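Structure file upload_28.cif; described as mmCIF, C-alpha atoms.
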```cif
data_model
#
loop_
_atom_site.label_atom_id
_atom_site.label_comp_id
_atom_site.auth_asym_id
_atom_site.auth_seq_id
_atom_site.Cartn_x
_atom_site.Cartn_y
_atom_site.Cartn_z
CA MET A 1 7.99 -5.15 7.43
CA LYS A 2 5.66 -2.80 5.62
CA LYS A 3 3.05 -4.88 3.91
CA ILE A 4 1.12 -3.31 1.10
CA LEU A 5 -2.48 -4.37 0.89
CA PHE A 6 -4.08 -5.66 -2.31
CA ALA A 7 -5.95 -3.24 -4.63
CA LEU A 8 -3.86 -0.15 -4.06
CA PHE A 9 -5.94 1.92 -6.50
CA LEU A 10 -9.38 1.00 -5.21
CA VAL A 11 -11.42 3.87 -3.79
CA PRO A 12 -14.81 3.09 -2.23
CA TYR A 13 -17.57 5.40 -3.40
CA CYS A 14 -20.34 4.82 -0.88
CA LEU A 15 -22.11 2.22 1.21
CA ILE A 16 -25.69 1.27 0.40
CA SER A 17 -27.88 -0.11 3.15
CA ALA A 18 -31.25 -1.74 2.83
CA GLY A 19 -34.21 -0.89 5.00
CA ALA A 20 -34.85 -3.02 8.05
CA GLN A 21 -38.50 -3.67 7.20
CA ASP A 22 -39.87 -6.26 4.78
CA VAL A 23 -36.47 -7.85 4.15
CA ASP A 24 -36.52 -9.94 0.97
CA THR A 25 -33.97 -12.76 1.22
CA THR A 26 -34.69 -14.11 -2.28
CA ILE A 27 -31.72 -14.36 -4.59
CA TYR A 28 -32.82 -13.08 -7.99
CA ASP A 29 -31.40 -14.03 -11.36
CA VAL A 30 -33.33 -11.27 -13.19
CA ALA A 31 -34.02 -7.70 -12.09
CA GLN A 32 -34.97 -4.34 -13.54
CA THR A 33 -31.50 -2.85 -12.92
CA LEU A 34 -28.35 -4.92 -12.63
CA PRO A 35 -25.63 -4.48 -10.02
CA TYR A 36 -22.31 -2.81 -10.75
CA PRO A 37 -19.27 -1.85 -8.63
CA LEU A 38 -18.83 1.65 -7.24
CA PHE A 39 -15.63 3.70 -7.40
CA ASN A 40 -14.92 7.34 -6.65
CA LYS A 41 -13.25 7.54 -10.06
CA CYS A 42 -16.64 7.05 -11.75
CA LYS A 43 -19.12 9.45 -10.14
CA LYS A 44 -21.99 11.07 -11.97
CA GLU A 45 -21.52 14.40 -10.18
CA ASP A 46 -18.07 14.62 -11.78
CA ASN A 47 -19.43 13.71 -15.20
CA ASP A 48 -22.74 15.51 -15.69
CA LYS A 49 -23.39 14.15 -19.18
CA TRP A 50 -22.96 10.52 -18.24
CA THR A 51 -25.90 8.13 -18.45
CA ASP A 52 -26.44 5.18 -16.12
CA ASP A 53 -24.92 3.01 -18.83
CA SER A 54 -21.84 5.23 -18.95
CA LEU A 55 -21.46 4.95 -15.18
CA ARG A 56 -21.80 1.18 -15.37
CA ARG A 57 -19.15 0.84 -18.08
CA CYS A 58 -16.73 3.14 -16.25
CA ASN A 59 -17.06 1.25 -12.96
CA GLU A 60 -16.91 -2.20 -14.57
CA ASN A 61 -13.83 -1.31 -16.62
CA TYR A 62 -12.13 0.11 -13.53
CA LEU A 63 -12.87 -3.08 -11.60
CA LEU A 64 -11.31 -5.16 -14.38
CA SER A 65 -8.17 -3.02 -14.25
CA ILE A 66 -8.03 -3.44 -10.45
CA LEU A 67 -8.33 -7.21 -10.84
CA ALA A 68 -5.59 -7.28 -13.48
CA GLN A 69 -3.22 -5.37 -11.19
CA ASN A 70 -3.83 -7.63 -8.21
CA ILE A 71 -3.98 -11.10 -9.70
CA ARG A 72 -1.02 -13.22 -8.61
CA TYR A 73 -0.58 -15.62 -11.48
CA PRO A 74 -0.38 -19.14 -9.96
CA GLU A 75 3.09 -20.53 -10.54
CA ALA A 76 1.73 -23.93 -11.60
CA ALA A 77 -0.40 -22.24 -14.27
CA ARG A 78 2.54 -20.12 -15.39
CA GLN A 79 4.82 -23.15 -15.76
CA LYS A 80 2.19 -24.93 -17.86
CA ASN A 81 1.44 -21.81 -19.94
CA ILE A 82 -2.22 -21.92 -18.93
CA GLU A 83 -4.23 -18.90 -20.06
CA GLY A 84 -7.95 -18.26 -20.34
CA THR A 85 -10.98 -16.84 -18.59
CA VAL A 86 -12.22 -17.80 -15.14
CA VAL A 87 -15.88 -17.00 -14.45
CA ALA A 88 -16.66 -16.16 -10.83
CA SER A 89 -20.16 -16.06 -9.39
CA PHE A 90 -21.39 -14.25 -6.30
CA VAL A 91 -24.44 -12.63 -4.79
CA VAL A 92 -24.56 -8.85 -4.60
CA GLU A 93 -26.31 -8.13 -1.31
CA THR A 94 -28.58 -5.15 -0.73
CA ASP A 95 -25.83 -3.47 1.30
CA GLY A 96 -23.49 -3.69 -1.72
CA ARG A 97 -21.28 -6.48 -0.42
CA MET A 98 -20.46 -9.76 -2.15
CA SER A 99 -21.39 -13.14 -0.69
CA ASN A 100 -21.49 -16.79 -1.79
CA LEU A 101 -18.38 -16.48 -3.95
CA LYS A 102 -17.79 -19.51 -6.16
CA ILE A 103 -16.34 -20.43 -9.54
CA LEU A 104 -18.58 -21.25 -12.50
CA LYS A 105 -15.76 -21.84 -14.96
CA ASP A 106 -12.17 -22.67 -14.08
CA ILE A 107 -9.05 -23.12 -16.20
CA GLY A 108 -7.21 -25.05 -13.50
CA GLU A 109 -3.89 -24.94 -11.65
CA GLY A 110 -5.12 -22.51 -8.99
CA CYS A 111 -6.56 -19.80 -11.24
CA GLY A 112 -10.07 -20.19 -9.85
CA ASP A 113 -8.81 -20.03 -6.27
CA GLU A 114 -6.83 -16.89 -7.13
CA ALA A 115 -9.92 -15.21 -8.59
CA ILE A 116 -11.85 -15.94 -5.38
CA ARG A 117 -8.95 -14.66 -3.26
CA VAL A 118 -8.76 -11.32 -5.05
CA LEU A 119 -12.53 -10.75 -5.06
CA GLY A 120 -12.73 -11.60 -1.36
CA ALA A 121 -9.81 -9.27 -0.61
CA LEU A 122 -11.43 -6.41 -2.50
CA ASP A 123 -14.69 -6.92 -0.64
CA GLY A 124 -12.83 -6.87 2.65
CA LEU A 125 -11.02 -3.67 1.66
CA GLY A 126 -14.25 -1.83 0.98
CA LEU A 127 -15.38 -2.56 -2.57
CA ARG A 128 -19.14 -2.04 -2.69
CA TRP A 129 -21.69 -2.54 -5.44
CA ARG A 130 -24.81 -0.72 -6.43
CA PRO A 131 -27.34 -3.50 -5.77
CA ALA A 132 -29.87 -4.73 -8.28
CA SER A 133 -33.37 -3.31 -7.99
CA LEU A 134 -36.84 -4.67 -8.58
CA ASN A 135 -39.93 -2.49 -8.31
CA ASP A 136 -37.69 0.35 -7.11
CA LYS A 137 -36.39 -1.75 -4.22
CA ALA A 138 -32.87 -3.08 -3.70
CA VAL A 139 -32.75 -6.88 -3.99
CA ARG A 140 -30.15 -9.63 -3.71
CA MET A 141 -29.00 -10.81 -7.12
CA ARG A 142 -26.67 -13.47 -8.43
CA HIS A 143 -23.94 -11.96 -10.59
CA SER A 144 -21.16 -13.47 -12.68
CA LEU A 145 -17.83 -11.89 -13.56
CA PRO A 146 -15.28 -13.08 -16.16
CA ILE A 147 -11.66 -12.69 -15.05
CA ARG A 148 -8.98 -12.98 -17.72
CA PHE A 149 -5.72 -14.78 -16.97
CA ARG A 150 -3.13 -13.88 -19.58
CA LEU A 151 0.58 -14.56 -19.48
CA GLU A 152 2.78 -11.60 -20.34
CA GLU A 153 6.52 -11.22 -20.46
CA PRO A 154 7.38 -9.03 -17.46
CA ILE A 155 8.86 -5.62 -18.27
CA PRO A 156 12.14 -5.13 -16.35
CA PHE A 157 11.64 -1.38 -15.80
CA TYR A 158 9.08 1.37 -15.42
CA VAL A 159 9.21 4.93 -16.70
CA SER A 160 9.12 7.63 -14.02
CA ASP A 161 7.26 10.94 -14.29
CA SER A 162 10.54 12.57 -15.29
CA GLY A 163 11.04 10.06 -18.13
CA ASP A 164 13.73 7.90 -16.49
CA SER A 165 13.68 4.15 -17.12
CA ILE A 166 14.00 2.71 -13.61
CA TYR A 167 14.83 -0.99 -13.52
CA THR A 168 13.16 -3.27 -11.01
CA MET A 169 14.49 -6.55 -12.43
CA LEU A 170 18.22 -6.64 -11.78
CA ASP A 171 21.04 -9.12 -12.15
CA GLN A 172 22.95 -7.12 -9.54
CA GLU A 173 21.81 -4.28 -7.28
CA ALA A 174 23.66 -0.97 -7.03
CA GLN A 175 26.68 -1.36 -4.75
CA TYR A 176 28.30 1.08 -2.32
CA PRO A 177 32.08 0.57 -2.04
CA GLY A 178 32.76 -1.72 0.91
CA GLY A 179 29.13 -2.84 1.12
CA VAL A 180 26.40 -2.09 3.64
CA ASP A 181 28.74 -1.80 6.64
CA SER A 182 30.79 0.81 4.82
CA LEU A 183 27.63 2.75 3.94
CA TYR A 184 26.52 2.72 7.60
CA LYS A 185 29.94 4.02 8.67
CA PHE A 186 29.68 6.79 6.09
CA ILE A 187 26.25 7.79 7.40
CA LEU A 188 27.44 7.83 11.03
CA SER A 189 30.50 9.91 10.20
CA ARG A 190 28.99 12.37 7.72
CA LEU A 191 25.38 12.91 8.85
CA GLU A 192 25.11 16.35 10.45
CA TYR A 193 22.54 17.24 13.09
CA PRO A 194 21.28 20.78 12.35
CA ALA A 195 23.33 23.08 14.58
CA ASN A 196 20.41 25.40 15.27
CA MET A 197 18.31 22.44 16.51
CA LEU A 198 20.76 20.76 18.89
CA ASP A 199 18.91 21.93 22.00
CA SER A 200 15.57 20.70 20.60
CA CYS A 201 16.46 17.06 21.40
CA LYS A 202 14.49 16.01 18.34
CA THR A 203 15.12 12.38 17.48
CA GLY A 204 13.81 10.49 14.50
CA VAL A 205 14.25 8.70 11.21
CA ILE A 206 14.13 10.07 7.67
CA GLU A 207 13.91 7.54 4.87
CA MET A 208 14.88 8.38 1.31
CA ALA A 209 14.56 6.60 -2.00
CA LEU A 210 17.75 7.26 -3.95
CA LEU A 211 17.84 7.08 -7.73
CA ILE A 212 21.21 5.55 -8.64
CA GLY A 213 21.91 6.33 -12.29
CA GLY A 214 23.66 4.06 -14.73
CA ASN A 215 26.60 6.48 -14.55
CA GLY A 216 26.72 6.40 -10.72
CA SER A 217 24.85 9.69 -10.29
CA VAL A 218 22.54 10.11 -7.28
CA ASP A 219 19.17 11.81 -7.03
CA MET A 220 16.48 11.63 -4.38
CA VAL A 221 13.03 10.68 -5.65
CA ASN A 222 11.20 10.43 -2.33
CA GLN A 223 11.70 11.35 1.31
CA ILE A 224 9.62 10.37 4.36
CA ASP A 225 10.14 12.31 7.59
CA PHE A 226 8.55 9.73 9.91
CA ASN A 227 8.90 11.89 13.04
CA ASN A 228 8.06 15.21 11.40
CA LEU A 229 11.48 16.58 12.29
CA GLY A 230 11.16 19.42 9.84
CA TYR A 231 12.92 21.11 6.94
CA ASP A 232 16.33 21.54 8.61
CA PHE A 233 16.63 17.78 9.15
CA GLN A 234 15.23 16.94 5.72
CA TRP A 235 17.85 19.19 4.12
CA LYS A 236 20.68 17.54 6.07
CA ALA A 237 19.43 14.12 4.95
CA LEU A 238 19.42 15.29 1.34
CA GLN A 239 22.94 16.70 1.70
CA LEU A 240 24.15 13.33 2.98
CA ALA A 241 22.54 11.51 0.03
CA ASN A 242 24.19 13.91 -2.42
CA ARG A 243 27.59 13.25 -0.84
CA THR A 244 27.38 9.63 -2.01
CA ALA A 245 27.25 10.70 -5.68
CA GLY A 246 29.95 9.10 -7.79
CA GLN A 247 30.66 6.43 -5.17
CA TRP A 248 28.05 3.91 -6.28
CA THR A 249 28.56 1.07 -8.71
CA PRO A 250 25.31 1.11 -10.70
CA ALA A 251 22.94 -1.84 -10.90
CA ILE A 252 23.39 -4.34 -13.72
CA TYR A 253 20.79 -5.82 -16.06
CA ASN A 254 21.73 -7.91 -19.08
CA GLU A 255 25.38 -7.03 -18.50
CA LYS A 256 24.69 -3.29 -18.77
CA PRO A 257 24.62 -0.59 -16.06
CA VAL A 258 21.07 0.66 -15.47
CA THR A 259 19.22 3.14 -13.29
CA SER A 260 17.65 1.72 -10.12
CA THR A 261 16.37 2.86 -6.73
CA MET A 262 17.92 2.23 -3.33
CA PRO A 263 16.38 2.95 0.12
CA LEU A 264 18.47 4.94 2.59
CA ARG A 265 17.45 5.55 6.21
CA VAL A 266 19.17 8.03 8.49
CA LEU A 267 18.70 8.54 12.23
CA PHE A 268 19.06 11.95 13.87
CA LYS A 269 20.07 12.25 17.55
CA SER A 270 21.36 15.31 19.34
CA ASN A 271 24.63 14.81 21.23
CA LYS A 272 23.72 17.41 23.85
CA PRO A 273 23.85 15.94 27.40
CA ALA A 274 20.38 17.31 28.11
CA CYS A 275 19.03 15.13 25.28
CA LYS A 276 20.23 11.83 26.74
CA ALA A 277 16.83 10.90 28.19
CA ALA A 278 15.02 11.71 24.92
CA ASN A 279 17.50 9.58 22.98
CA GLU A 280 17.06 6.67 25.39
CA ARG A 281 13.26 6.85 25.11
CA PHE A 282 13.53 6.74 21.33
CA ASP A 283 15.95 3.78 21.45
CA GLN A 284 13.59 1.86 23.73
CA ALA A 285 10.68 2.64 21.41
CA MET A 286 12.66 1.21 18.48
CA ILE A 287 13.43 -1.98 20.44
CA LEU A 288 9.73 -2.41 21.24
CA SER A 289 8.88 -1.71 17.60
CA ASN A 290 11.29 -4.40 16.45
CA ASP A 291 9.73 -6.84 18.93
CA GLY A 292 6.30 -5.93 17.56
CA ALA A 293 7.47 -6.50 13.99
CA ILE A 294 8.71 -9.98 14.88
CA LEU A 295 5.41 -10.81 16.57
CA LEU A 296 3.46 -9.54 13.58
CA GLU A 297 5.54 -11.67 11.22
CA SER A 298 4.86 -14.61 13.56
CA GLU A 299 1.10 -13.98 13.12
CA LYS A 300 0.62 -12.71 16.66
CA PRO A 301 -1.07 -9.36 15.89
CA GLU A 302 -2.61 -8.87 19.37
CA GLU A 303 0.81 -9.12 21.03
CA ALA A 304 2.34 -6.96 18.30
CA ILE A 305 -0.26 -4.23 18.91
CA ALA A 306 0.66 -4.20 22.60
CA LYS A 307 4.35 -3.69 21.73
CA PHE A 308 3.59 -0.91 19.24
CA THR A 309 1.35 0.79 21.82
CA GLU A 310 4.18 0.67 24.39
CA ALA A 311 6.52 2.13 21.78
CA LEU A 312 4.11 4.96 20.96
CA ALA A 313 3.88 5.86 24.65
CA LEU A 314 7.63 6.54 24.48
CA SER A 315 7.62 8.12 21.01
CA PRO A 316 4.22 9.80 20.48
CA ASN A 317 3.27 10.84 16.94
CA ASN A 318 5.91 8.54 15.47
CA THR A 319 4.17 7.94 12.15
CA GLU A 320 6.11 4.77 11.37
CA LEU A 321 4.92 3.21 14.63
CA LEU A 322 1.38 4.39 13.94
CA TYR A 323 1.54 2.71 10.53
CA TYR A 324 2.75 -0.56 12.04
CA ARG A 325 0.04 -0.58 14.71
CA GLY A 326 -2.64 0.37 12.19
CA SER A 327 -1.57 -2.49 9.93
CA ALA A 328 -1.72 -4.94 12.83
CA LEU A 329 -5.19 -3.67 13.79
CA LEU A 330 -6.30 -4.10 10.20
CA GLN A 331 -5.20 -7.74 10.26
CA LEU A 332 -7.70 -8.24 13.09
CA ASN A 333 -10.40 -6.42 11.08
CA ARG A 334 -10.41 -3.58 13.63
CA ARG A 335 -10.79 -1.06 10.86
CA ASP A 336 -12.04 1.89 12.90
CA GLU A 337 -9.03 1.69 15.22
CA ALA A 338 -6.67 1.25 12.27
CA CYS A 339 -8.13 4.36 10.66
CA LEU A 340 -7.50 6.37 13.81
CA ASP A 341 -3.80 5.58 13.39
CA TYR A 342 -3.78 6.02 9.60
CA ASN A 343 -5.66 9.33 9.76
CA GLN A 344 -3.39 10.58 12.55
CA ILE A 345 -0.44 10.03 10.21
CA LYS A 346 -2.15 12.18 7.59
CA ALA A 347 -2.91 14.87 10.19
CA ILE A 348 0.75 14.94 11.30
CA LEU A 349 2.45 14.82 7.89
CA GLY A 350 -0.26 16.27 5.66
CA ILE A 351 0.11 13.27 3.34
CA THR A 352 0.85 9.59 3.81
CA TRP A 353 3.31 7.38 1.94
CA PHE A 354 0.48 4.85 1.65
CA GLU A 355 -2.31 7.27 0.74
CA SER A 356 -4.03 5.01 -1.78
CA VAL A 357 -4.23 2.25 0.85
CA ARG A 358 -5.52 4.68 3.48
CA LYS A 359 -8.31 5.75 1.12
CA VAL A 360 -9.21 2.11 0.51
CA VAL A 361 -9.52 1.38 4.20
CA CYS A 362 -10.71 4.69 5.62
CA GLY A 363 -12.23 6.61 2.71
CA TRP A 364 -11.44 10.20 1.90
#
```
Take the structure I supplied and represent it as structure tokens, if you would.
Amino acid sequence: MKKILFALFLVPYCLISAGAQDVDTTIYDVAQTLPYPLFNKCKKEDNDKWTDDSLRRCNENYLLSILAQNIRYPEAARQKNIEGTVVASFVVETDGRMSNLKILKDIGEGCGDEAIRVLGALDGLGLRWRPASLNDKAVRMRHSLPIRFRLEEPIPFYVSDSGDSIYTMLDQEAQYPGGVDSLYKFILSRLEYPANMLDSCKTGVIEMALLIGGNGSVDMVNQIDFNNLGYDFQWKALQLANRTAGQWTPAIYNEKPVTSTMPLRVLFKSNKPACKAANERFDQAMILSNDGAILLESEKPEEAIAKFTEALALSPNNTELLYYRGSALLQLNRRDEACLDYNQIKAILGITWFESVRKVVCGW
């Protein structure tokens, strides 16, 4: 149920506010300095030799790359092989926000609507502009932005930092012998609770991303310890993943075995009698979380938040639950409350699995 927001690589630089006195509501078409977007990636203090023009070019180019990554090519336009440039128009307000979004030039089949959607989403996620100025005063200015729609043949894989070609387009996913039920049975029978931690009653989930090689090899490329169980549990999860090596049938693309990724979640519970109550609290929290997920998918975020809050009362500092509640709060534009949850995850784990999104919403 994890939903990734648009513009994963957007980082807001700062907010600019206009003075409360002598507010000029005129929308200018000409000004002494023109508006441009602001990103942390393009800051003058990090590039001492940059001119204002250099800053402008850096920020504008970065915005174009953000747009390219987040455009969802309309299917009707794709089927008709429609390509071209949509020109969007909007007013850059004195506080750096965009308003009055509209299309000056459209190429049809939903491309104009898609351009407006992405620009509106970026504004909602925190994209701010340096406003235009006239006589050393920030003013509202009409601005136009060309957005290129270009059809490209999708690449079926990406290259990891280690140089592996990891396929995302598959004719058949990697298979564990006997299917999912067999994999669950293997996990239940072979996952070991750390012997030195049995009396701790720690309960929680560790999620791993397994790299299943074209030869059936297994490697772990990512691990999230949602409940901050600690190294002993993380090591046991890794040991379990390694025990599946050689058992997988690799994924298939174009009739050839290829390397792909596969998620694997494991749940740790102590079997000590004294831990029964802790286990039951965790189970109830997971039931409430599942109820919240269903409500969120049914577009009932207020009710979902209530369920996630109940779950967190039973399983405090459960970072997965905090993420779910924060995402629901964000749907209601309750950003400050969402950031309390998102930043608590960072405080607990030291890093988040959605760090780029957290920076978009909450800043550094």
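Minimum atom-to-atom distances from A:Lys346, A:Lys300, A:Lys80, A:Arg97 to Leu125 in chain A were compared using only C-alpha atoms, and the lowest value belongs to A:Arg97.
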Can you spell out as an NGL selection string the set of residues that the PyMOL selection byres ((chain A and resi 222-237) around 8) selects in the structure I just provided? :A and (191-194 or 202-210 or 220-221 or 238-241 or 266 or 268 or 317-320 or 348-349 or 353)
Dump as JSON, numbers by chain all residues having an atom at most 12 Å from (-20.7, 5.9, -16.6), computed in the file's coordinates with all atoms listed in the file. {"A": [36, 37, 38, 39, 40, 41, 42, 43, 44, 45, 46, 47, 48, 49, 50, 51, 52, 53, 54, 55, 56, 57, 58, 59, 60, 61, 62]}
Go ahead and save the picked residues with C-alpha atoms, as a short mmCIF file (atom, residue, chain, number, x, y, z; two decimals), in the coordinates of the input.
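Dumped everything to selection_33.cif:
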```
data_model
loop_
_atom_site.label_atom_id
_atom_site.label_comp_id
_atom_site.auth_asym_id
_atom_site.auth_seq_id
_atom_site.Cartn_x
_atom_site.Cartn_y
_atom_site.Cartn_z
CA TYR A 36 -22.31 -2.81 -10.75
CA PRO A 37 -19.27 -1.85 -8.63
CA LEU A 38 -18.83 1.65 -7.24
CA PHE A 39 -15.63 3.70 -7.40
CA ASN A 40 -14.92 7.34 -6.65
CA LYS A 41 -13.25 7.54 -10.06
CA CYS A 42 -16.64 7.05 -11.75
CA LYS A 43 -19.12 9.45 -10.14
CA LYS A 44 -21.99 11.07 -11.97
CA GLU A 45 -21.52 14.40 -10.18
CA ASP A 46 -18.07 14.62 -11.78
CA ASN A 47 -19.43 13.71 -15.20
CA ASP A 48 -22.74 15.51 -15.69
CA LYS A 49 -23.39 14.15 -19.18
CA TRP A 50 -22.96 10.52 -18.24
CA THR A 51 -25.90 8.13 -18.45
CA ASP A 52 -26.44 5.18 -16.12
CA ASP A 53 -24.92 3.01 -18.83
CA SER A 54 -21.84 5.23 -18.95
CA LEU A 55 -21.46 4.95 -15.18
CA ARG A 56 -21.80 1.18 -15.37
CA ARG A 57 -19.15 0.84 -18.08
CA CYS A 58 -16.73 3.14 -16.25
CA ASN A 59 -17.06 1.25 -12.96
CA GLU A 60 -16.91 -2.20 -14.57
CA ASN A 61 -13.83 -1.31 -16.62
CA TYR A 62 -12.13 0.11 -13.53
#
```
One decimal, Å: what's the distance from CA of Ala88 in chain A over to CA of His143 in chain A, could you say?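 Taking CA of Ala88 in chain A as the start and CA of His143 in chain A as the end point, the length is 8.4 Å.
With distances taken over all atoms listed in the file, A:Asp123 is the one residue among A:Glu75, A:Glu303, A:Asp136, A:Asp123 lying closest to Val361 in chain A.
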